[in-house]
Structures are given as structure tokens and as C-alpha cells.
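Coordinates from upload.pdb are shown below (PDB, C-alpha atoms).
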ATOM      1  CA  MET A 240     -19.115 -43.249 -20.560
ATOM      2  CA  ALA A 241     -21.463 -41.772 -17.933
ATOM      3  CA  SER A 242     -19.576 -43.522 -15.100
ATOM      4  CA  PHE A 243     -16.138 -42.495 -16.395
ATOM      5  CA  ILE A 244     -14.463 -40.101 -13.935
ATOM      6  CA  LYS A 245     -12.509 -37.312 -15.595
ATOM      7  CA  ILE A 246      -9.458 -36.180 -13.658
ATOM      8  CA  THR A 247      -9.485 -33.010 -15.759
ATOM      9  CA  GLU A 248     -12.909 -32.078 -14.348
ATOM     10  CA  GLN A 249     -12.037 -32.612 -10.685
ATOM     11  CA  PRO A 250     -12.073 -29.522  -8.421
ATOM     12  CA  SER A 251      -8.999 -27.327  -8.287
ATOM     13  CA  ALA A 252      -6.749 -27.722  -5.258
ATOM     14  CA  TYR A 253      -7.047 -23.947  -4.795
ATOM     15  CA  ARG A 254     -10.051 -22.049  -3.467
ATOM     16  CA  HIS A 255     -11.340 -18.478  -3.709
ATOM     17  CA  LEU A 256      -9.115 -17.559  -6.644
ATOM     18  CA  GLU A 257     -10.876 -14.215  -6.952
ATOM     19  CA  LYS A 258      -9.461 -13.214  -3.540
ATOM     20  CA  MET A 259      -5.847 -14.121  -4.317
ATOM     21  CA  PRO A 260      -3.238 -11.425  -4.938
ATOM     22  CA  VAL A 261      -1.875 -11.522  -8.494
ATOM     23  CA  ALA A 262       1.543 -12.737  -7.352
ATOM     24  CA  GLU A 263      -0.080 -15.678  -5.573
ATOM     25  CA  ILE A 264      -2.187 -16.561  -8.631
ATOM     26  CA  LEU A 265       0.897 -16.565 -10.843
ATOM     27  CA  THR A 266       2.958 -18.562  -8.357
ATOM     28  CA  HIS A 267       0.313 -21.277  -8.044
ATOM     29  CA  ILE A 268      -0.157 -21.517 -11.829
ATOM     30  CA  ASN A 269       3.596 -21.882 -12.172
ATOM     31  CA  ASP A 270       3.683 -24.522  -9.436
ATOM     32  CA  GLU A 271       1.050 -26.540 -11.296
ATOM     33  CA  ASP A 272       2.836 -26.109 -14.637
ATOM     34  CA  LYS A 273       6.020 -27.553 -13.127
ATOM     35  CA  THR A 274       4.266 -30.904 -12.725
ATOM     36  CA  VAL A 275       3.590 -31.292 -16.454
ATOM     37  CA  PRO A 276       7.032 -32.496 -17.632
ATOM     38  CA  TYR A 277       7.006 -35.228 -14.973
ATOM     39  CA  ALA A 278       3.669 -36.533 -16.267
ATOM     40  CA  ILE A 279       5.127 -36.571 -19.786
ATOM     41  CA  GLU A 280       8.310 -38.311 -18.642
ATOM     42  CA  LYS A 281       6.272 -41.329 -17.562
ATOM     43  CA  MET A 282       4.896 -41.609 -21.099
ATOM     44  CA  ILE A 283       8.173 -41.458 -23.054
ATOM     45  CA  PRO A 284       8.109 -45.205 -23.891
ATOM     46  CA  GLN A 285       4.582 -44.832 -25.295
ATOM     47  CA  ILE A 286       5.552 -41.703 -27.216
ATOM     48  CA  GLU A 287       8.562 -43.534 -28.626
ATOM     49  CA  ARG A 288       6.425 -46.402 -29.934
ATOM     50  CA  LEU A 289       4.096 -43.980 -31.689
ATOM     51  CA  VAL A 290       6.985 -42.045 -33.240
ATOM     52  CA  VAL A 291       8.649 -45.223 -34.515
ATOM     53  CA  VAL A 292       5.511 -46.512 -36.222
ATOM     54  CA  ALA A 293       4.762 -43.068 -37.697
ATOM     55  CA  VAL A 294       8.289 -42.801 -39.130
ATOM     56  CA  ASP A 295       7.985 -46.264 -40.699
ATOM     57  CA  LYS A 296       4.684 -45.331 -42.329
ATOM     58  CA  MET A 297       5.956 -41.942 -43.535
ATOM     59  CA  LEU A 298       9.119 -43.442 -45.017
ATOM     60  CA  ALA A 299       6.818 -45.747 -46.974
ATOM     61  CA  GLY A 300       4.865 -42.793 -48.364
ATOM     62  CA  GLY A 301       2.300 -42.249 -45.629
ATOM     63  CA  ARG A 302       1.279 -39.124 -43.757
ATOM     64  CA  LEU A 303       0.636 -38.071 -40.167
ATOM     65  CA  PHE A 304      -2.751 -36.662 -39.191
ATOM     66  CA  TYR A 305      -3.707 -34.879 -35.984
ATOM     67  CA  ILE A 306      -7.420 -34.509 -35.250
ATOM     68  CA  GLY A 307      -9.007 -32.696 -32.318
ATOM     69  CA  ALA A 308     -11.597 -30.195 -31.135
ATOM     70  CA  GLY A 309     -11.325 -26.902 -29.258
ATOM     71  CA  THR A 310      -7.939 -26.273 -27.634
ATOM     72  CA  SER A 311      -6.690 -29.717 -28.668
ATOM     73  CA  GLY A 312      -7.621 -29.082 -32.288
ATOM     74  CA  ARG A 313      -5.955 -25.671 -32.261
ATOM     75  CA  LEU A 314      -2.743 -27.173 -30.892
ATOM     76  CA  ALA A 315      -2.929 -29.826 -33.627
ATOM     77  CA  ILE A 316      -3.207 -27.178 -36.335
ATOM     78  CA  VAL A 317      -0.312 -25.169 -34.873
ATOM     79  CA  ASP A 318       2.077 -28.122 -34.707
ATOM     80  CA  ALA A 319       1.193 -29.352 -38.201
ATOM     81  CA  SER A 320       1.445 -25.872 -39.727
ATOM     82  CA  GLU A 321       4.935 -25.334 -38.299
ATOM     83  CA  CYS A 322       6.440 -28.417 -39.977
ATOM     84  CA  PRO A 323       6.717 -27.004 -43.529
ATOM     85  CA  PRO A 324       8.547 -23.771 -42.614
ATOM     86  CA  THR A 325      10.754 -25.439 -40.003
ATOM     87  CA  TYR A 326      11.714 -28.552 -41.940
ATOM     88  CA  GLY A 327      10.925 -27.740 -45.572
ATOM     89  CA  VAL A 328       8.409 -30.569 -45.937
ATOM     90  CA  SER A 329       5.173 -30.565 -47.918
ATOM     91  CA  PRO A 330       2.122 -29.178 -46.082
ATOM     92  CA  ASN A 331       0.507 -32.494 -46.988
ATOM     93  CA  LEU A 332       2.920 -34.550 -44.868
ATOM     94  CA  VAL A 333       1.660 -33.547 -41.403
ATOM     95  CA  ILE A 334      -1.991 -32.484 -41.457
ATOM     96  CA  GLY A 335      -3.971 -30.943 -38.611
ATOM     97  CA  ILE A 336      -7.770 -31.174 -38.527
ATOM     98  CA  ILE A 337     -10.048 -29.331 -36.096
ATOM     99  CA  ALA A 338     -13.756 -29.877 -35.484
ATOM    100  CA  GLY A 339     -15.622 -26.995 -37.083
ATOM    101  CA  GLY A 340     -12.914 -26.232 -39.649
ATOM    102  CA  LYS A 341     -10.861 -23.055 -39.996
ATOM    103  CA  LYS A 342     -13.469 -20.909 -38.240
ATOM    104  CA  ALA A 343     -12.928 -22.967 -35.073
ATOM    105  CA  MET A 344      -9.333 -21.751 -34.831
ATOM    106  CA  THR A 345     -10.560 -18.409 -33.516
ATOM    107  CA  GLN A 346     -14.232 -18.940 -32.649
ATOM    108  CA  PRO A 347     -16.169 -21.750 -30.962
ATOM    109  CA  VAL A 348     -18.299 -23.704 -33.436
ATOM    110  CA  GLU A 349     -21.342 -24.931 -31.524
ATOM    111  CA  PHE A 350     -21.687 -28.703 -31.179
ATOM    112  CA  ALA A 351     -18.971 -29.409 -33.768
ATOM    113  CA  GLU A 352     -17.196 -31.717 -31.342
ATOM    114  CA  ASP A 353     -20.377 -33.739 -30.751
ATOM    115  CA  SER A 354     -20.660 -35.136 -34.282
ATOM    116  CA  LEU A 355     -20.149 -38.889 -34.696
ATOM    117  CA  THR A 356     -19.622 -38.612 -38.462
ATOM    118  CA  GLN A 357     -17.842 -35.344 -39.235
ATOM    119  CA  GLY A 358     -14.391 -36.403 -37.998
ATOM    120  CA  TRP A 359     -14.226 -39.306 -40.428
ATOM    121  CA  ASP A 360     -15.705 -37.124 -43.188
ATOM    122  CA  ASP A 361     -12.975 -34.529 -42.557
ATOM    123  CA  LEU A 362     -10.275 -37.198 -42.781
ATOM    124  CA  GLN A 363     -11.746 -38.571 -45.991
ATOM    125  CA  LYS A 364     -11.434 -35.137 -47.597
ATOM    126  CA  HIS A 365      -7.688 -35.838 -47.459
ATOM    127  CA  HIS A 366      -8.139 -39.396 -48.770
ATOM    128  CA  VAL A 367      -6.838 -40.917 -45.535
ATOM    129  CA  ASN A 368      -5.768 -44.527 -46.039
ATOM    130  CA  ASN A 369      -3.869 -47.388 -44.397
ATOM    131  CA  LYS A 370      -0.502 -45.867 -45.280
ATOM    132  CA  ASP A 371      -1.231 -43.063 -42.817
ATOM    133  CA  VAL A 372      -1.187 -42.639 -39.034
ATOM    134  CA  VAL A 373      -3.951 -40.669 -37.278
ATOM    135  CA  ILE A 374      -3.504 -39.205 -33.779
ATOM    136  CA  GLY A 375      -6.630 -38.098 -31.946
ATOM    137  CA  ILE A 376      -6.197 -35.381 -29.328
ATOM    138  CA  ALA A 377      -8.705 -34.701 -26.537
ATOM    139  CA  ALA A 378      -7.995 -33.700 -22.955
ATOM    140  CA  SER A 379     -11.261 -35.246 -21.776
ATOM    141  CA  GLY A 380     -10.840 -38.423 -23.798
ATOM    142  CA  THR A 381     -14.601 -38.338 -24.424
ATOM    143  CA  THR A 382     -14.953 -36.042 -27.446
ATOM    144  CA  PRO A 383     -17.335 -37.831 -29.881
ATOM    145  CA  TYR A 384     -15.833 -36.171 -32.987
ATOM    146  CA  VAL A 385     -12.381 -37.561 -32.171
ATOM    147  CA  ILE A 386     -13.428 -40.958 -30.799
ATOM    148  CA  ALA A 387     -15.627 -41.747 -33.806
ATOM    149  CA  ALA A 388     -12.887 -40.634 -36.220
ATOM    150  CA  LEU A 389     -10.387 -43.029 -34.636
ATOM    151  CA  LYS A 390     -12.963 -45.838 -34.539
ATOM    152  CA  ASN A 391     -13.517 -45.435 -38.269
ATOM    153  CA  CYS A 392      -9.777 -45.391 -38.857
ATOM    154  CA  ARG A 393      -9.309 -48.697 -37.042
ATOM    155  CA  GLU A 394     -12.194 -50.252 -38.969
ATOM    156  CA  ASN A 395     -10.345 -49.261 -42.151
ATOM    157  CA  GLY A 396      -6.964 -50.629 -41.108
ATOM    158  CA  ILE A 397      -5.425 -47.232 -40.295
ATOM    159  CA  ILE A 398      -3.014 -47.028 -37.347
ATOM    160  CA  THR A 399      -4.243 -44.749 -34.568
ATOM    161  CA  GLY A 400      -2.677 -42.948 -31.643
ATOM    162  CA  CYS A 401      -4.107 -40.571 -29.095
ATOM    163  CA  ILE A 402      -3.087 -37.875 -26.638
ATOM    164  CA  THR A 403      -5.443 -37.506 -23.684
ATOM    165  CA  ASN A 404      -5.303 -36.302 -20.091
ATOM    166  CA  ASN A 405      -7.694 -38.852 -18.630
ATOM    167  CA  PRO A 406      -6.241 -42.378 -18.332
ATOM    168  CA  GLY A 407      -8.611 -45.180 -19.291
ATOM    169  CA  SER A 408     -10.823 -42.866 -21.346
ATOM    170  CA  PRO A 409     -13.058 -43.997 -24.238
ATOM    171  CA  LEU A 410     -10.578 -42.353 -26.631
ATOM    172  CA  THR A 411      -7.757 -44.530 -25.305
ATOM    173  CA  LYS A 412      -9.765 -47.612 -26.260
ATOM    174  CA  GLN A 413      -9.748 -46.520 -29.922
ATOM    175  CA  ALA A 414      -5.982 -45.916 -30.058
ATOM    176  CA  ASP A 415      -3.385 -48.490 -31.029
ATOM    177  CA  TYR A 416      -0.752 -46.246 -29.430
ATOM    178  CA  PRO A 417      -2.303 -44.256 -26.553
ATOM    179  CA  ILE A 418      -0.480 -41.491 -24.697
ATOM    180  CA  GLU A 419      -2.166 -40.690 -21.380
ATOM    181  CA  LEU A 420      -0.893 -37.542 -19.672
ATOM    182  CA  ALA A 421      -2.219 -37.514 -16.104
ATOM    183  CA  VAL A 422      -1.512 -33.888 -15.194
ATOM    184  CA  GLY A 423      -4.309 -33.752 -12.617
ATOM    185  CA  PRO A 424      -6.993 -31.134 -11.924
ATOM    186  CA  GLU A 425      -6.509 -27.677 -13.380
ATOM    187  CA  PHE A 426      -5.810 -24.482 -11.408
ATOM    188  CA  VAL A 427      -9.158 -23.185 -12.648
ATOM    189  CA  THR A 428     -11.457 -26.194 -12.410
ATOM    190  CA  GLY A 429     -11.989 -27.788 -15.827
ATOM    191  CA  SER A 430      -9.879 -25.234 -17.742
ATOM    192  CA  THR A 431      -7.996 -27.766 -19.847
ATOM    193  CA  ARG A 432      -6.326 -25.095 -21.945
ATOM    194  CA  MET A 433      -3.920 -24.845 -18.998
ATOM    195  CA  LYS A 434      -1.911 -27.903 -17.821
ATOM    196  CA  SER A 435      -3.651 -30.310 -20.163
ATOM    197  CA  GLY A 436      -3.088 -28.059 -23.164
ATOM    198  CA  THR A 437       0.517 -27.438 -22.139
ATOM    199  CA  SER A 438       1.164 -31.174 -21.932
ATOM    200  CA  GLN A 439      -0.378 -31.742 -25.349
ATOM    201  CA  LYS A 440       1.710 -28.969 -26.886
ATOM    202  CA  LEU A 441       4.924 -30.408 -25.435
ATOM    203  CA  VAL A 442       4.145 -33.931 -26.646
ATOM    204  CA  LEU A 443       3.205 -32.707 -30.126
ATOM    205  CA  ASN A 444       6.561 -30.901 -30.240
ATOM    206  CA  MET A 445       8.285 -34.132 -29.232
ATOM    207  CA  ILE A 446       6.455 -36.227 -31.819
ATOM    208  CA  SER A 447       6.924 -33.942 -34.814
ATOM    209  CA  THR A 448      10.520 -33.021 -33.964
ATOM    210  CA  ALA A 449      11.591 -36.639 -33.440
ATOM    211  CA  ILE A 450       9.860 -37.661 -36.677
ATOM    212  CA  MET A 451      11.519 -34.911 -38.706
ATOM    213  CA  ILE A 452      14.949 -35.818 -37.338
ATOM    214  CA  GLN A 453      14.330 -39.460 -38.229
ATOM    215  CA  LEU A 454      13.210 -38.435 -41.722
ATOM    216  CA  GLY A 455      16.540 -36.683 -42.273
ATOM    217  CA  ARG A 456      15.256 -33.100 -42.112
ATOM    218  CA  VAL A 457      17.881 -32.091 -39.497
ATOM    219  CA  GLU A 458      21.660 -32.325 -39.806
ATOM    220  CA  ASP A 459      23.792 -32.143 -36.665
ATOM    221  CA  ASN A 460      21.460 -29.865 -34.668
ATOM    222  CA  LYS A 461      20.519 -27.531 -37.526
ATOM    223  CA  MET A 462      17.300 -26.927 -39.459
ATOM    224  CA  VAL A 463      19.078 -27.190 -42.819
ATOM    225  CA  ASN A 464      15.803 -27.561 -44.739
ATOM    226  CA  MET A 465      13.916 -24.619 -43.207
ATOM    227  CA  GLN A 466      12.039 -22.301 -45.541
ATOM    228  CA  LEU A 467      13.832 -18.951 -45.806
ATOM    229  CA  SER A 468      10.667 -16.903 -45.542
ATOM    230  CA  ASN A 469      11.986 -13.812 -43.743
ATOM    231  CA  GLN A 470      15.205 -11.906 -42.994
ATOM    232  CA  LYS A 471      15.664 -13.559 -39.589
ATOM    233  CA  LEU A 472      15.679 -17.027 -41.145
ATOM    234  CA  LEU A 473      17.864 -15.894 -44.042
ATOM    235  CA  ASP A 474      20.380 -14.543 -41.533
ATOM    236  CA  ARG A 475      20.256 -17.762 -39.522
ATOM    237  CA  GLY A 476      20.717 -19.792 -42.695
ATOM    238  CA  ALA A 477      23.706 -17.714 -43.818
ATOM    239  CA  LYS A 478      25.427 -18.271 -40.478
ATOM    240  CA  MET A 479      24.747 -22.018 -40.726
ATOM    241  CA  LEU A 480      26.254 -22.058 -44.203
ATOM    242  CA  MET A 481      29.338 -20.152 -43.064
ATOM    243  CA  GLU A 482      29.802 -22.788 -40.368
ATOM    244  CA  LYS A 483      29.290 -25.682 -42.779
ATOM    245  CA  LEU A 484      31.455 -24.216 -45.544
ATOM    246  CA  PRO A 485      34.663 -22.776 -44.008
ATOM    247  CA  GLY A 486      35.962 -19.769 -45.912
ATOM    248  CA  THR A 487      32.513 -18.665 -47.071
ATOM    249  CA  ASP A 488      31.780 -15.096 -46.043
ATOM    250  CA  TYR A 489      28.357 -13.794 -45.059
ATOM    251  CA  THR A 490      27.630 -12.096 -48.402
ATOM    252  CA  LYS A 491      28.445 -15.201 -50.408
ATOM    253  CA  ALA A 492      26.503 -17.444 -48.007
ATOM    254  CA  LYS A 493      23.431 -15.246 -48.300
ATOM    255  CA  ALA A 494      23.705 -15.200 -52.100
ATOM    256  CA  LEU A 495      23.882 -19.013 -52.174
ATOM    257  CA  LEU A 496      20.802 -19.241 -49.993
ATOM    258  CA  VAL A 497      18.825 -16.865 -52.167
ATOM    259  CA  LYS A 498      19.835 -18.872 -55.235
ATOM    260  CA  TYR A 499      19.191 -22.373 -53.907
ATOM    261  CA  GLY A 500      16.467 -21.787 -51.321
ATOM    262  CA  SER A 501      17.792 -23.839 -48.391
ATOM    263  CA  VAL A 502      20.968 -24.474 -46.420
ATOM    264  CA  LYS A 503      21.034 -28.109 -47.543
ATOM    265  CA  LYS A 504      20.695 -27.327 -51.255
ATOM    266  CA  ALA A 505      23.273 -24.532 -51.007
ATOM    267  CA  MET A 506      25.692 -26.941 -49.309
ATOM    268  CA  GLU A 507      25.158 -29.549 -51.997
ATOM    269  CA  SER A 508      25.760 -27.001 -54.750
ATOM    270  CA  ALA A 509      29.055 -26.039 -53.121
ATOM    271  CA  GLY A 510      30.081 -29.664 -52.615
ATOM    272  CA  GLY A 511      29.676 -29.427 -48.845
TER     273      GLY A 511
END

Written as C-alpha cells, that's how I'd like the structure from this file.
Amino acid sequence: MASFIKITEQPSAYRHLEKMPVAEILTHINDEDKTVPYAIEKMIPQIERLVVVAVDKMLAGGRLFYIGAGTSGRLAIVDASECPPTYGVSPNLVIGIIAGGKKAMTQPVEFAEDSLTQGWDDLQKHHVNNKDVVIGIAASGTTPYVIAALKNCRENGIITGCITNNPGSPLTKQADYPIELAVGPEFVTGSTRMKSGTSQKLVLNMISTAIMIQLGRVEDNKMVNMQLSNQKLLDRGAKMLMEKLPGTDYTKAKALLVKYGSVKKAMESAGG
């Protein structure tokens, strides 16, 4: 691992950032961000393979786990936590785990990412098993917490994937389905919350969205299973229902939603 060269730690292509006018700083950050989708595009076949195997496992009763540290772990938690309200699934279907636990969402937890045992211990708290798929996320590809967790998964017959920003990393070697996003050096040297984090966020969106569509949680292009947890979503749901059930006015649509709890269930009750 000592000889492994991290692209994410290479010097920025820009110098003397402290002397740049604000407009120039913003323009250069934007220029770098524009390269991210092209790096992801090259990985679509790999992303597809991971999605397909995850869907197969989930249809058979398995779950999807994300595990990471720092920025990667926070992005994992965000994506997992958005699945229940968006698609009406159990919070136990897509599970995000971060080194250091809940505290690490807002504060650094010293040396949490360096543990060779805690990642697997955290997965075992959820009774991870060979029905599940575990995706490790680490920009560096060298985070011990994540690497060791995936190694343990493989030793226990659990399918693994990874999202990293350093091709050929030690993490890649522990993933059955690696996704390597070569976004290059960061605008601020080593600040992987920038392009690397953006690429991870986009790929997590792709993975979870594609999975939920394949699991039947979307109809046409609508989130018919979303949780109606506020007035904005209730309004959106009523308009969906009016579209799906011609002749239904807004008041009736809203009443059906309140009664049945989702667009899909309201449609079924009305024979739609």
C-alpha cells in the first residue's frame, strides 16, 4: 500500500489560490466539476453490473449496504436515508454505515477509519449475510475500516462492490464489482469532498434510483410510493392522482391520499 500512488492526493493544477479573485476561484471549481460526469460515463457498464446483481439479491429478500468513512460515509448515509421517503421502502432495505457512528455525521471521530475490525462489527449489528450486497465507499481506496469490512464480507460469501476515486486501489481488490471514478486531482489538493465526493454522490443516486425502479417503486416517471410527510409532497401526490384518475378533483385526490397514505394505494382503492 505504501507504493500505491493516489491520484486524489496529487497536486492541484492551480496555484496560489489565496491570490485568486472570487470569480476566478468559482470558475475553476466549476471547470473541474464539469469533468466529473465524463469520468462516471466511462463506468456505466460497471455500475450496471452492480445494480443488476443488487436487484437480484433484493428481490430474493436481501438488502443493500453502503459503508464508508468521512465524506464517503456521510454520502452513504444521505443516499440510504432518502430511499424510504422517496420510494416508500423500509429503512432496513438500504442501510448506510459510517465509521464512528452517528456522531461522525457532523463531527470527525478520531481514528475511526483506521480500525480493521469495526467495519465488520458494524455490519454484523445488522446481521449482514450472503443474501445482501455491501458497497464500500472510499475516495482514497485505502481506508482500513472499509477495506477490512469488504474483506470480511467476501470471506463470508457476501457480494461486494466499491466506489473509489483511485483506480487499482487496495479497496478495488476486495470488491467483486468495483467502480473506479478517476476524476483527477482536486482544486484544493487532497480535498476529496469536492470532485471525488460529487462523483460518489452522483453514482449513489444512479445506483439507488435504478434499483428502486427495477423493484417496481416507480410507475411511468412518478414516485407513486413516496411517503406523504409534508404539504409539498401531499400536493405533489394529489396532482399525480388527478393525472392518473381522470375526473378526480384536487379535494377528492387529497382526501384519498390522506386515507390511503400513498398515490399507489389510493389508485388501487379507486380501481386505477

Do you know which residues are at most 8 Å from Ala293 (chain A) counting all atoms listed in the file, after dropping those on the same chain fewer than 2 positions away, and could you put them as a VMD selection string?
chain A and resid 289 to 291 295 to 297 303 371 to 372 450

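Shortest separation to Ala387 (chain A) among A:Ile374, A:Leu355, A:Leu265, A:Ile334 occurs at residue A:Leu355, atoms counted being all atoms listed in the file.
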
Which residues match the PyMOL selection byres ((chain A and resi 431) around 12) in the file above, as a ChimeraX atom specification?
/A:245-249,251,309-311,377-380,403-405,421-430,432-439

For region 382-400 of chain A, take all atoms listed in the file, fit an axis-aligned box around them, add 5 Å to each of the six sides, then output centre and edge lengths in Å rounded to one decimal, as lines of an AutoDock Vina configuration file.
center_x = -10.0
center_y = -43.3
center_z = -34.8
size_x = 24.7
size_y = 24.6
size_z = 24.7

Shell of 8 Å around region 441-446 of chain A, only C-alpha atoms, local chain residues under 5 positions omitted, as a PyMOL selection string
chain A and resi 279+286+290+315+318

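Coordinates place CA of Ala388 (chain A) at a distance of 13.3 Å from CA of Gly312 (chain A).
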
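The spacing separating CA of Pro276 (chain A) from CA of Thr448 (chain A) amounts to 16.7 Å.
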
Residues near Asp361 (chain A), cut-off 9 Å, all atoms listed in the file, skip fewer than 5 positions along chain, as a ChimeraX atom specification
/A:336-338,340,356,388

Can you tell me, as a PDB file with C-alpha atoms, in the coordinates of the input, what residues are no more than 6 Å from Tyr384 (chain A) when counting only C-alpha atoms, ignoring any on the same chain fewer than 5 positions away?
ATOM      1  CA  GLU A 352     -17.196 -31.717 -31.342  1.00  0.00           C
ATOM      2  CA  ASP A 353     -20.377 -33.739 -30.751  1.00  0.00           C
ATOM      3  CA  SER A 354     -20.660 -35.136 -34.282  1.00  0.00           C
ATOM      4  CA  LEU A 355     -20.149 -38.889 -34.696  1.00  0.00           C
ATOM      5  CA  GLY A 358     -14.391 -36.403 -37.998  1.00  0.00           C
TER       6      GLY A 358
END

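We find CA of Gly407 (chain A) and CA of Val367 (chain A) to be spaced 26.6 Å apart.
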
List the residues selected by the PyMOL selection byres ((chain A and resi 381) around 8) in the file shown, writing them as a PyMOL selection string.
chain A and resi 240+377+379-380+382-383+386+408-410
